[in-house]
>>> print(open('my_file.cif').read())   # mmCIF, N, CA and C atoms
data_data
loop_
_atom_site.label_atom_id
_atom_site.label_comp_id
_atom_site.auth_asym_id
_atom_site.auth_seq_id
_atom_site.Cartn_x
_atom_site.Cartn_y
_atom_site.Cartn_z
N MET A 299 27.82 81.41 -47.01
CA MET A 299 27.49 81.45 -45.61
C MET A 299 25.98 81.42 -45.40
N ARG A 300 25.26 82.25 -46.22
CA ARG A 300 23.80 82.25 -46.11
C ARG A 300 23.23 80.89 -46.44
N LEU A 301 23.83 80.22 -47.40
CA LEU A 301 23.37 78.89 -47.78
C LEU A 301 23.50 77.94 -46.61
N LEU A 302 24.63 77.97 -45.91
CA LEU A 302 24.81 77.11 -44.73
C LEU A 302 23.81 77.45 -43.64
N ALA A 303 23.60 78.73 -43.37
CA ALA A 303 22.63 79.13 -42.35
C ALA A 303 21.23 78.68 -42.75
N GLY A 304 20.90 78.80 -44.04
CA GLY A 304 19.59 78.37 -44.51
C GLY A 304 19.42 76.87 -44.38
N LEU A 305 20.45 76.10 -44.72
CA LEU A 305 20.38 74.65 -44.58
C LEU A 305 20.25 74.24 -43.11
N PHE A 306 20.98 74.92 -42.23
CA PHE A 306 20.91 74.62 -40.80
C PHE A 306 19.50 74.93 -40.28
N ALA A 307 18.97 76.10 -40.64
CA ALA A 307 17.61 76.47 -40.21
C ALA A 307 16.59 75.48 -40.74
N SER A 308 16.76 75.05 -41.98
CA SER A 308 15.85 74.08 -42.57
C SER A 308 15.93 72.75 -41.80
N PHE A 309 17.14 72.34 -41.44
CA PHE A 309 17.34 71.11 -40.68
C PHE A 309 16.60 71.20 -39.34
N LEU A 310 16.77 72.34 -38.64
CA LEU A 310 16.11 72.50 -37.34
C LEU A 310 14.60 72.49 -37.47
N LEU A 311 14.08 73.10 -38.50
CA LEU A 311 12.64 73.15 -38.67
C LEU A 311 12.06 71.77 -38.98
N THR A 312 12.80 70.96 -39.70
CA THR A 312 12.27 69.64 -40.05
C THR A 312 12.59 68.58 -39.00
N ASN A 313 13.71 68.72 -38.33
CA ASN A 313 14.12 67.70 -37.37
C ASN A 313 14.00 68.15 -35.92
N GLY A 314 14.11 69.43 -35.68
CA GLY A 314 14.03 69.96 -34.33
C GLY A 314 15.21 69.56 -33.49
N PRO A 315 15.44 70.29 -32.42
CA PRO A 315 16.53 69.94 -31.52
C PRO A 315 16.18 68.68 -30.74
N VAL A 316 17.20 67.97 -30.30
CA VAL A 316 16.99 66.79 -29.47
C VAL A 316 16.71 67.29 -28.05
N ARG A 317 15.60 66.83 -27.48
CA ARG A 317 15.22 67.28 -26.14
C ARG A 317 14.84 66.09 -25.28
N ALA A 318 15.07 66.25 -23.99
CA ALA A 318 14.60 65.24 -23.05
C ALA A 318 13.09 65.40 -22.92
N GLU A 319 12.44 64.31 -22.59
CA GLU A 319 10.98 64.31 -22.39
C GLU A 319 10.63 65.20 -21.20
N THR A 320 9.59 65.98 -21.32
CA THR A 320 9.13 66.81 -20.21
C THR A 320 8.42 65.92 -19.20
N PRO A 321 8.83 65.95 -17.95
CA PRO A 321 8.18 65.12 -16.94
C PRO A 321 6.71 65.47 -16.78
N ASP A 322 5.91 64.45 -16.54
CA ASP A 322 4.47 64.58 -16.39
C ASP A 322 4.09 64.11 -14.99
N ALA A 323 4.26 64.98 -14.00
CA ALA A 323 4.08 64.61 -12.60
C ALA A 323 2.71 63.98 -12.34
N GLY A 324 1.66 64.54 -12.89
CA GLY A 324 0.32 64.00 -12.65
C GLY A 324 0.18 62.57 -13.13
N ALA A 325 0.70 62.30 -14.32
CA ALA A 325 0.62 60.94 -14.87
C ALA A 325 1.50 59.99 -14.06
N PHE A 326 2.70 60.42 -13.69
CA PHE A 326 3.60 59.56 -12.91
C PHE A 326 2.96 59.20 -11.57
N GLN A 327 2.40 60.20 -10.91
CA GLN A 327 1.80 59.97 -9.60
C GLN A 327 0.59 59.05 -9.70
N ALA A 328 -0.18 59.17 -10.76
CA ALA A 328 -1.33 58.28 -10.95
C ALA A 328 -0.88 56.84 -11.16
N VAL A 329 0.17 56.64 -11.94
CA VAL A 329 0.69 55.29 -12.20
C VAL A 329 1.23 54.68 -10.91
N ILE A 330 2.02 55.45 -10.17
CA ILE A 330 2.60 54.94 -8.92
C ILE A 330 1.48 54.59 -7.93
N SER A 331 0.52 55.49 -7.76
CA SER A 331 -0.59 55.24 -6.82
C SER A 331 -1.38 54.00 -7.21
N ALA A 332 -1.64 53.84 -8.50
CA ALA A 332 -2.39 52.67 -8.97
C ALA A 332 -1.60 51.39 -8.72
N GLN A 333 -0.28 51.44 -8.94
CA GLN A 333 0.51 50.24 -8.69
C GLN A 333 0.56 49.92 -7.19
N ILE A 334 0.72 50.93 -6.35
CA ILE A 334 0.71 50.68 -4.90
C ILE A 334 -0.64 50.10 -4.47
N ASP A 335 -1.72 50.63 -5.01
CA ASP A 335 -3.05 50.07 -4.71
C ASP A 335 -3.12 48.60 -5.12
N ALA A 336 -2.55 48.26 -6.26
CA ALA A 336 -2.54 46.87 -6.73
C ALA A 336 -1.68 46.01 -5.80
N PHE A 337 -0.54 46.53 -5.34
CA PHE A 337 0.28 45.77 -4.38
C PHE A 337 -0.50 45.52 -3.10
N ARG A 338 -1.15 46.55 -2.60
CA ARG A 338 -1.92 46.41 -1.35
C ARG A 338 -3.03 45.37 -1.49
N ALA A 339 -3.58 45.23 -2.69
CA ALA A 339 -4.65 44.26 -2.94
C ALA A 339 -4.10 42.89 -3.36
N ASP A 340 -2.78 42.77 -3.39
CA ASP A 340 -2.13 41.55 -3.89
C ASP A 340 -2.61 41.18 -5.28
N ASP A 341 -2.85 42.17 -6.10
CA ASP A 341 -3.27 41.98 -7.48
C ASP A 341 -2.04 42.06 -8.38
N GLY A 342 -1.35 40.94 -8.50
CA GLY A 342 -0.11 40.88 -9.26
C GLY A 342 -0.27 41.26 -10.71
N ALA A 343 -1.34 40.83 -11.34
CA ALA A 343 -1.55 41.14 -12.75
C ALA A 343 -1.67 42.65 -12.96
N ALA A 344 -2.43 43.32 -12.10
CA ALA A 344 -2.59 44.77 -12.23
C ALA A 344 -1.27 45.49 -11.96
N ALA A 345 -0.56 45.10 -10.89
CA ALA A 345 0.72 45.74 -10.55
C ALA A 345 1.72 45.55 -11.69
N TYR A 346 1.76 44.38 -12.24
CA TYR A 346 2.67 44.04 -13.34
C TYR A 346 2.34 44.86 -14.59
N GLY A 347 1.08 45.20 -14.77
CA GLY A 347 0.64 45.98 -15.91
C GLY A 347 1.22 47.38 -15.95
N TYR A 348 1.71 47.90 -14.83
CA TYR A 348 2.32 49.23 -14.79
C TYR A 348 3.83 49.18 -15.05
N ALA A 349 4.38 47.98 -15.19
CA ALA A 349 5.81 47.81 -15.45
C ALA A 349 6.08 47.90 -16.95
N SER A 350 7.17 48.56 -17.31
CA SER A 350 7.54 48.72 -18.71
C SER A 350 7.98 47.39 -19.32
N PRO A 351 8.02 47.32 -20.64
CA PRO A 351 8.50 46.10 -21.30
C PRO A 351 9.91 45.69 -20.85
N SER A 352 10.78 46.65 -20.56
CA SER A 352 12.13 46.30 -20.12
C SER A 352 12.10 45.59 -18.76
N ILE A 353 11.19 45.97 -17.89
CA ILE A 353 11.03 45.29 -16.60
C ILE A 353 10.42 43.91 -16.81
N ARG A 354 9.46 43.82 -17.72
CA ARG A 354 8.80 42.52 -17.98
C ARG A 354 9.76 41.51 -18.60
N ARG A 355 10.78 42.00 -19.31
CA ARG A 355 11.79 41.06 -19.84
C ARG A 355 12.61 40.45 -18.71
N ILE A 356 12.85 41.23 -17.65
CA ILE A 356 13.63 40.73 -16.51
C ILE A 356 12.78 39.81 -15.64
N PHE A 357 11.52 40.19 -15.45
CA PHE A 357 10.56 39.43 -14.63
C PHE A 357 9.42 39.01 -15.53
N PRO A 358 9.51 37.81 -16.15
CA PRO A 358 8.63 37.45 -17.26
C PRO A 358 7.17 37.14 -16.93
N ASN A 359 6.78 37.16 -15.65
CA ASN A 359 5.36 36.98 -15.34
C ASN A 359 5.03 37.67 -14.02
N PRO A 360 3.74 37.89 -13.76
CA PRO A 360 3.35 38.62 -12.54
C PRO A 360 3.81 37.95 -11.24
N GLU A 361 3.84 36.63 -11.20
CA GLU A 361 4.24 35.94 -9.98
C GLU A 361 5.70 36.21 -9.64
N ILE A 362 6.57 36.14 -10.63
CA ILE A 362 8.00 36.41 -10.40
C ILE A 362 8.19 37.88 -10.02
N PHE A 363 7.48 38.77 -10.70
CA PHE A 363 7.55 40.20 -10.40
C PHE A 363 7.12 40.47 -8.95
N MET A 364 5.98 39.91 -8.55
CA MET A 364 5.47 40.13 -7.20
C MET A 364 6.41 39.55 -6.14
N ASP A 365 7.01 38.40 -6.43
CA ASP A 365 7.96 37.81 -5.49
C ASP A 365 9.14 38.75 -5.28
N MET A 366 9.66 39.34 -6.36
CA MET A 366 10.76 40.30 -6.26
C MET A 366 10.34 41.50 -5.43
N VAL A 367 9.15 42.03 -5.66
CA VAL A 367 8.68 43.20 -4.92
C VAL A 367 8.52 42.86 -3.43
N ARG A 368 7.91 41.73 -3.13
CA ARG A 368 7.72 41.33 -1.72
C ARG A 368 9.05 41.18 -1.00
N ARG A 369 10.03 40.62 -1.68
CA ARG A 369 11.34 40.37 -1.06
C ARG A 369 12.21 41.62 -0.93
N GLY A 370 12.21 42.47 -1.95
CA GLY A 370 13.15 43.56 -1.96
C GLY A 370 12.59 44.96 -1.84
N TYR A 371 11.25 45.08 -1.88
CA TYR A 371 10.63 46.41 -1.88
C TYR A 371 9.46 46.49 -0.92
N GLN A 372 9.62 45.97 0.29
CA GLN A 372 8.54 45.99 1.28
C GLN A 372 7.94 47.38 1.49
N PRO A 373 8.75 48.45 1.55
CA PRO A 373 8.15 49.78 1.73
C PRO A 373 7.23 50.20 0.57
N VAL A 374 7.49 49.71 -0.62
CA VAL A 374 6.64 49.99 -1.78
C VAL A 374 5.46 49.02 -1.80
N TYR A 375 5.70 47.79 -1.41
CA TYR A 375 4.68 46.76 -1.41
C TYR A 375 3.60 47.01 -0.34
N ARG A 376 4.03 47.46 0.84
CA ARG A 376 3.10 47.66 1.94
C ARG A 376 3.41 48.97 2.70
N PRO A 377 3.35 50.10 2.02
CA PRO A 377 3.63 51.35 2.74
C PRO A 377 2.51 51.69 3.72
N GLN A 378 2.90 52.24 4.86
CA GLN A 378 1.88 52.78 5.77
C GLN A 378 1.31 54.07 5.18
N SER A 379 2.19 54.82 4.54
CA SER A 379 1.79 56.05 3.86
C SER A 379 2.88 56.42 2.87
N TYR A 380 2.55 57.34 1.96
CA TYR A 380 3.54 57.83 1.01
C TYR A 380 3.15 59.22 0.55
N SER A 381 4.15 59.97 0.10
CA SER A 381 3.91 61.31 -0.44
C SER A 381 4.88 61.54 -1.59
N PHE A 382 4.42 62.35 -2.53
CA PHE A 382 5.22 62.62 -3.72
C PHE A 382 6.13 63.81 -3.52
N GLY A 383 7.32 63.68 -4.09
CA GLY A 383 8.31 64.75 -4.03
C GLY A 383 8.60 65.27 -5.42
N GLU A 384 9.86 65.50 -5.66
CA GLU A 384 10.34 66.10 -6.90
C GLU A 384 10.09 65.22 -8.12
N THR A 385 9.76 65.86 -9.21
CA THR A 385 9.66 65.23 -10.52
C THR A 385 10.71 65.91 -11.39
N GLY A 386 11.42 65.14 -12.20
CA GLY A 386 12.44 65.76 -13.04
C GLY A 386 12.92 64.83 -14.13
N THR A 387 14.03 65.22 -14.71
CA THR A 387 14.66 64.42 -15.75
C THR A 387 16.10 64.15 -15.33
N ALA A 388 16.48 62.89 -15.30
CA ALA A 388 17.83 62.50 -14.91
C ALA A 388 18.83 62.84 -16.02
N ALA A 389 20.10 62.75 -15.71
CA ALA A 389 21.16 63.07 -16.67
C ALA A 389 21.07 62.19 -17.91
N ASP A 390 20.55 60.97 -17.78
CA ASP A 390 20.44 60.08 -18.93
C ASP A 390 19.19 60.35 -19.77
N GLY A 391 18.41 61.38 -19.38
CA GLY A 391 17.22 61.76 -20.13
C GLY A 391 15.94 61.09 -19.67
N ARG A 392 16.04 60.18 -18.72
CA ARG A 392 14.85 59.50 -18.24
C ARG A 392 14.10 60.36 -17.22
N PRO A 393 12.79 60.48 -17.37
CA PRO A 393 12.02 61.21 -16.37
C PRO A 393 11.90 60.38 -15.09
N PHE A 394 11.81 61.10 -13.95
CA PHE A 394 11.70 60.40 -12.67
C PHE A 394 10.70 61.11 -11.76
N GLN A 395 10.25 60.35 -10.77
CA GLN A 395 9.38 60.85 -9.71
C GLN A 395 9.90 60.33 -8.39
N LYS A 396 10.15 61.22 -7.43
CA LYS A 396 10.58 60.80 -6.10
C LYS A 396 9.35 60.62 -5.21
N VAL A 397 9.42 59.60 -4.36
CA VAL A 397 8.33 59.29 -3.43
C VAL A 397 8.93 59.00 -2.06
N THR A 398 8.40 59.63 -1.03
CA THR A 398 8.80 59.31 0.34
C THR A 398 7.76 58.35 0.90
N LEU A 399 8.25 57.25 1.47
CA LEU A 399 7.36 56.20 1.97
C LEU A 399 7.63 55.94 3.44
N LEU A 400 6.58 55.68 4.19
CA LEU A 400 6.71 55.15 5.54
C LEU A 400 6.47 53.66 5.40
N GLY A 401 7.52 52.89 5.60
CA GLY A 401 7.43 51.45 5.39
C GLY A 401 6.67 50.73 6.47
N PRO A 402 6.40 49.45 6.25
CA PRO A 402 5.68 48.66 7.25
C PRO A 402 6.47 48.51 8.55
N ASP A 403 7.78 48.75 8.49
CA ASP A 403 8.64 48.68 9.66
C ASP A 403 8.69 50.00 10.43
N GLY A 404 7.93 51.01 9.96
CA GLY A 404 7.90 52.31 10.64
C GLY A 404 9.06 53.21 10.26
N LEU A 405 9.91 52.78 9.33
CA LEU A 405 11.05 53.58 8.90
C LEU A 405 10.72 54.33 7.61
N THR A 406 11.45 55.41 7.37
CA THR A 406 11.22 56.25 6.20
C THR A 406 12.16 55.84 5.07
N TYR A 407 11.62 55.79 3.85
CA TYR A 407 12.39 55.42 2.66
C TYR A 407 12.11 56.43 1.56
N GLU A 408 13.06 56.54 0.64
CA GLU A 408 12.82 57.33 -0.57
C GLU A 408 12.92 56.40 -1.77
N ALA A 409 11.92 56.45 -2.60
CA ALA A 409 11.92 55.68 -3.85
C ALA A 409 12.05 56.67 -5.00
N ILE A 410 12.88 56.34 -5.95
CA ILE A 410 13.02 57.15 -7.16
C ILE A 410 12.59 56.26 -8.32
N TYR A 411 11.42 56.58 -8.86
CA TYR A 411 10.85 55.83 -9.98
C TYR A 411 11.31 56.46 -11.28
N SER A 412 11.69 55.62 -12.25
CA SER A 412 11.96 56.12 -13.60
C SER A 412 10.85 55.61 -14.51
N PHE A 413 10.63 56.34 -15.60
CA PHE A 413 9.51 56.05 -16.48
C PHE A 413 9.93 55.99 -17.94
N GLU A 414 9.17 55.21 -18.71
CA GLU A 414 9.32 55.15 -20.17
C GLU A 414 7.96 55.42 -20.79
N ARG A 415 7.96 56.29 -21.81
CA ARG A 415 6.72 56.54 -22.55
C ARG A 415 6.51 55.38 -23.53
N GLN A 416 5.27 54.92 -23.60
CA GLN A 416 4.92 53.82 -24.49
C GLN A 416 4.40 54.36 -25.82
N ALA A 417 4.30 53.50 -26.81
CA ALA A 417 3.87 53.90 -28.15
C ALA A 417 2.49 54.56 -28.14
N ASP A 418 1.64 54.16 -27.19
CA ASP A 418 0.30 54.75 -27.12
C ASP A 418 0.27 56.07 -26.34
N GLY A 419 1.44 56.54 -25.89
CA GLY A 419 1.54 57.79 -25.15
C GLY A 419 1.48 57.65 -23.64
N SER A 420 1.14 56.47 -23.16
CA SER A 420 1.06 56.26 -21.71
C SER A 420 2.47 56.11 -21.13
N TRP A 421 2.55 56.21 -19.81
CA TRP A 421 3.81 56.03 -19.10
C TRP A 421 3.79 54.73 -18.33
N GLN A 422 4.94 54.03 -18.31
CA GLN A 422 5.09 52.84 -17.49
C GLN A 422 6.38 52.96 -16.69
N ILE A 423 6.39 52.29 -15.56
CA ILE A 423 7.54 52.33 -14.65
C ILE A 423 8.67 51.48 -15.22
N SER A 424 9.85 52.08 -15.36
CA SER A 424 11.00 51.37 -15.91
C SER A 424 12.05 51.06 -14.84
N GLY A 425 11.82 51.50 -13.62
CA GLY A 425 12.75 51.20 -12.54
C GLY A 425 12.32 51.89 -11.26
N CYS A 426 12.84 51.37 -10.15
CA CYS A 426 12.56 51.97 -8.85
C CYS A 426 13.77 51.72 -7.96
N ALA A 427 14.46 52.81 -7.61
CA ALA A 427 15.58 52.72 -6.67
C ALA A 427 15.04 53.08 -5.30
N LEU A 428 15.31 52.24 -4.32
CA LEU A 428 14.77 52.43 -2.98
C LEU A 428 15.93 52.58 -2.00
N VAL A 429 15.92 53.65 -1.22
CA VAL A 429 16.95 53.86 -0.21
C VAL A 429 16.32 54.25 1.12
N ARG A 430 16.98 53.90 2.18
CA ARG A 430 16.55 54.29 3.52
C ARG A 430 16.80 55.78 3.66
N ALA A 431 15.79 56.52 4.06
CA ALA A 431 15.90 57.97 4.22
C ALA A 431 16.16 58.30 5.70
N PRO A 432 16.77 59.44 5.96
CA PRO A 432 16.95 59.84 7.37
C PRO A 432 15.58 60.00 8.03
N ASP A 433 15.49 59.57 9.27
CA ASP A 433 14.23 59.72 10.00
C ASP A 433 13.98 61.19 10.30
N LEU A 434 12.75 61.59 10.11
CA LEU A 434 12.38 62.98 10.36
C LEU A 434 12.12 63.22 11.85
N ASN A 435 11.95 62.16 12.62
CA ASN A 435 11.61 62.29 14.05
C ASN A 435 12.83 62.29 14.95
N THR A 436 14.04 62.18 14.40
CA THR A 436 15.21 62.11 15.27
C THR A 436 15.92 63.42 15.37
#
>>> encode(input="my_file.cif", output="structure tokens")
Amino acid sequence: MRLLAGLFASFLLTNGPVRAETPDAGAFQAVISAQIDAFRADDGAAAYGYASPSIRRIFPNPEIFMDMVRRGYQPVYRPQSYSFGETGTAADGRPFQKVTLLGPDGLTYEAIYSFERQADGSWQISGCALVRAPDLNT
């Protein structure tokens, strides 16, 4: 029995428990803000640079990426304002950052960004789910 306990303890010390990545709100917010700034400046190359490799495989160049954002993510592309909400880890282990946006249409939206850590330790955006949020003025 002691041998099994010793082997298990040794395994934990060398391999450690499997854990989800700890969310890094400051880094996530900096990446999102920088990408929104790039969208506002119509700087497709810079905005595309914040997208993870999995996103770049779907949208293989900045022009295609920007076209998708302009068509389907107007509140992210041209927000009147935005504020950061909850940061956490989803059930699948991916870290996320919630953002409330006032879109160019004057309506409120919630974006949930997911992130992937890169080999160099930086974070890149791996997805953005956008939903219409209830209006706070009604």
>>> resolve_selection(input="my_file.cif", expression="the PyMOL selection byres ((chain A and resi 385-402) around 7)", output="VMD selection string")
chain A and resid 318 to 323 326 372 to 374 376 to 384 403 to 414
>>> atom_distance(input="my_file.cif", atom1="CA of Tyr375 in chain A", atom2="CA of Pro358 in chain A")
18.8 Å
>>> select_by_dssp(input="my_file.cif", residues="range 309-404 of chain A", states="alpha helix (DSSP H)", output="ChimeraX atom specification")
/A:309-313,323-338,342-347,351-356,360-370,372-375
>>> write_last_selection(input="my_file.cif", atoms="N, CA and C atoms", output="compact mmCIF listing (two decimals), in the frame of the given file")
# COMPACT_ATOMS: atom_id res chain seq x y z
N PHE A 309 17.14 72.34 -41.44
CA PHE A 309 17.34 71.11 -40.68
C PHE A 309 16.60 71.20 -39.34
N LEU A 310 16.77 72.34 -38.64
CA LEU A 310 16.11 72.50 -37.34
C LEU A 310 14.60 72.49 -37.47
N LEU A 311 14.08 73.10 -38.50
CA LEU A 311 12.64 73.15 -38.67
C LEU A 311 12.06 71.77 -38.98
N THR A 312 12.80 70.96 -39.70
CA THR A 312 12.27 69.64 -40.05
C THR A 312 12.59 68.58 -39.00
N ASN A 313 13.71 68.72 -38.33
CA ASN A 313 14.12 67.70 -37.37
C ASN A 313 14.00 68.15 -35.92
N ALA A 323 4.26 64.98 -14.00
CA ALA A 323 4.08 64.61 -12.60
C ALA A 323 2.71 63.98 -12.34
N GLY A 324 1.66 64.54 -12.89
CA GLY A 324 0.32 64.00 -12.65
C GLY A 324 0.18 62.57 -13.13
N ALA A 325 0.70 62.30 -14.32
CA ALA A 325 0.62 60.94 -14.87
C ALA A 325 1.50 59.99 -14.06
N PHE A 326 2.70 60.42 -13.69
CA PHE A 326 3.60 59.56 -12.91
C PHE A 326 2.96 59.20 -11.57
N GLN A 327 2.40 60.20 -10.91
CA GLN A 327 1.80 59.97 -9.60
C GLN A 327 0.59 59.05 -9.70
N ALA A 328 -0.18 59.17 -10.76
CA ALA A 328 -1.33 58.28 -10.95
C ALA A 328 -0.88 56.84 -11.16
N VAL A 329 0.17 56.64 -11.94
CA VAL A 329 0.69 55.29 -12.20
C VAL A 329 1.23 54.68 -10.91
N ILE A 330 2.02 55.45 -10.17
CA ILE A 330 2.60 54.94 -8.92
C ILE A 330 1.48 54.59 -7.93
N SER A 331 0.52 55.49 -7.76
CA SER A 331 -0.59 55.24 -6.82
C SER A 331 -1.38 54.00 -7.21
N ALA A 332 -1.64 53.84 -8.50
CA ALA A 332 -2.39 52.67 -8.97
C ALA A 332 -1.60 51.39 -8.72
N GLN A 333 -0.28 51.44 -8.94
CA GLN A 333 0.51 50.24 -8.69
C GLN A 333 0.56 49.92 -7.19
N ILE A 334 0.72 50.93 -6.35
CA ILE A 334 0.71 50.68 -4.90
C ILE A 334 -0.64 50.10 -4.47
N ASP A 335 -1.72 50.63 -5.01
CA ASP A 335 -3.05 50.07 -4.71
C ASP A 335 -3.12 48.60 -5.12
N ALA A 336 -2.55 48.26 -6.26
CA ALA A 336 -2.54 46.87 -6.73
C ALA A 336 -1.68 46.01 -5.80
N PHE A 337 -0.54 46.53 -5.34
CA PHE A 337 0.28 45.77 -4.38
C PHE A 337 -0.50 45.52 -3.10
N ARG A 338 -1.15 46.55 -2.60
CA ARG A 338 -1.92 46.41 -1.35
C ARG A 338 -3.03 45.37 -1.49
N GLY A 342 -1.35 40.94 -8.50
CA GLY A 342 -0.11 40.88 -9.26
C GLY A 342 -0.27 41.26 -10.71
N ALA A 343 -1.34 40.83 -11.34
CA ALA A 343 -1.55 41.14 -12.75
C ALA A 343 -1.67 42.65 -12.96
N ALA A 344 -2.43 43.32 -12.10
CA ALA A 344 -2.59 44.77 -12.23
C ALA A 344 -1.27 45.49 -11.96
N ALA A 345 -0.56 45.10 -10.89
CA ALA A 345 0.72 45.74 -10.55
C ALA A 345 1.72 45.55 -11.69
N TYR A 346 1.76 44.38 -12.24
CA TYR A 346 2.67 44.04 -13.34
C TYR A 346 2.34 44.86 -14.59
N GLY A 347 1.08 45.20 -14.77
CA GLY A 347 0.64 45.98 -15.91
C GLY A 347 1.22 47.38 -15.95
N PRO A 351 8.02 47.32 -20.64
CA PRO A 351 8.50 46.10 -21.30
C PRO A 351 9.91 45.69 -20.85
N SER A 352 10.78 46.65 -20.56
CA SER A 352 12.13 46.30 -20.12
C SER A 352 12.10 45.59 -18.76
N ILE A 353 11.19 45.97 -17.89
CA ILE A 353 11.03 45.29 -16.60
C ILE A 353 10.42 43.91 -16.81
N ARG A 354 9.46 43.82 -17.72
CA ARG A 354 8.80 42.52 -17.98
C ARG A 354 9.76 41.51 -18.60
N ARG A 355 10.78 42.00 -19.31
CA ARG A 355 11.79 41.06 -19.84
C ARG A 355 12.61 40.45 -18.71
N ILE A 356 12.85 41.23 -17.65
CA ILE A 356 13.63 40.73 -16.51
C ILE A 356 12.78 39.81 -15.64
N PRO A 360 3.74 37.89 -13.76
CA PRO A 360 3.35 38.62 -12.54
C PRO A 360 3.81 37.95 -11.24
N GLU A 361 3.84 36.63 -11.20
CA GLU A 361 4.24 35.94 -9.98
C GLU A 361 5.70 36.21 -9.64
N ILE A 362 6.57 36.14 -10.63
CA ILE A 362 8.00 36.41 -10.40
C ILE A 362 8.19 37.88 -10.02
N PHE A 363 7.48 38.77 -10.70
CA PHE A 363 7.55 40.20 -10.40
C PHE A 363 7.12 40.47 -8.95
N MET A 364 5.98 39.91 -8.55
CA MET A 364 5.47 40.13 -7.20
C MET A 364 6.41 39.55 -6.14
N ASP A 365 7.01 38.40 -6.43
CA ASP A 365 7.96 37.81 -5.49
C ASP A 365 9.14 38.75 -5.28
N MET A 366 9.66 39.34 -6.36
CA MET A 366 10.76 40.30 -6.26
C MET A 366 10.34 41.50 -5.43
N VAL A 367 9.15 42.03 -5.66
CA VAL A 367 8.68 43.20 -4.92
C VAL A 367 8.52 42.86 -3.43
N ARG A 368 7.91 41.73 -3.13
CA ARG A 368 7.72 41.33 -1.72
C ARG A 368 9.05 41.18 -1.00
N ARG A 369 10.03 40.62 -1.68
CA ARG A 369 11.34 40.37 -1.06
C ARG A 369 12.21 41.62 -0.93
N GLY A 370 12.21 42.47 -1.95
CA GLY A 370 13.15 43.56 -1.96
C GLY A 370 12.59 44.96 -1.84
N GLN A 372 9.62 45.97 0.29
CA GLN A 372 8.54 45.99 1.28
C GLN A 372 7.94 47.38 1.49
N PRO A 373 8.75 48.45 1.55
CA PRO A 373 8.15 49.78 1.73
C PRO A 373 7.23 50.20 0.57
N VAL A 374 7.49 49.71 -0.62
CA VAL A 374 6.64 49.99 -1.78
C VAL A 374 5.46 49.02 -1.80
N TYR A 375 5.70 47.79 -1.41
CA TYR A 375 4.68 46.76 -1.41
C TYR A 375 3.60 47.01 -0.34
>>> atom_distance(input="my_file.cif", atom1="atom N of Ile356 in chain A", atom2="atom N of Gly419 in chain A")
20.8 Å
>>> atom_distance(input="my_file.cif", atom1="CA of Gly347 in chain A", atom2="CA of Pro360 in chain A")
8.5 Å
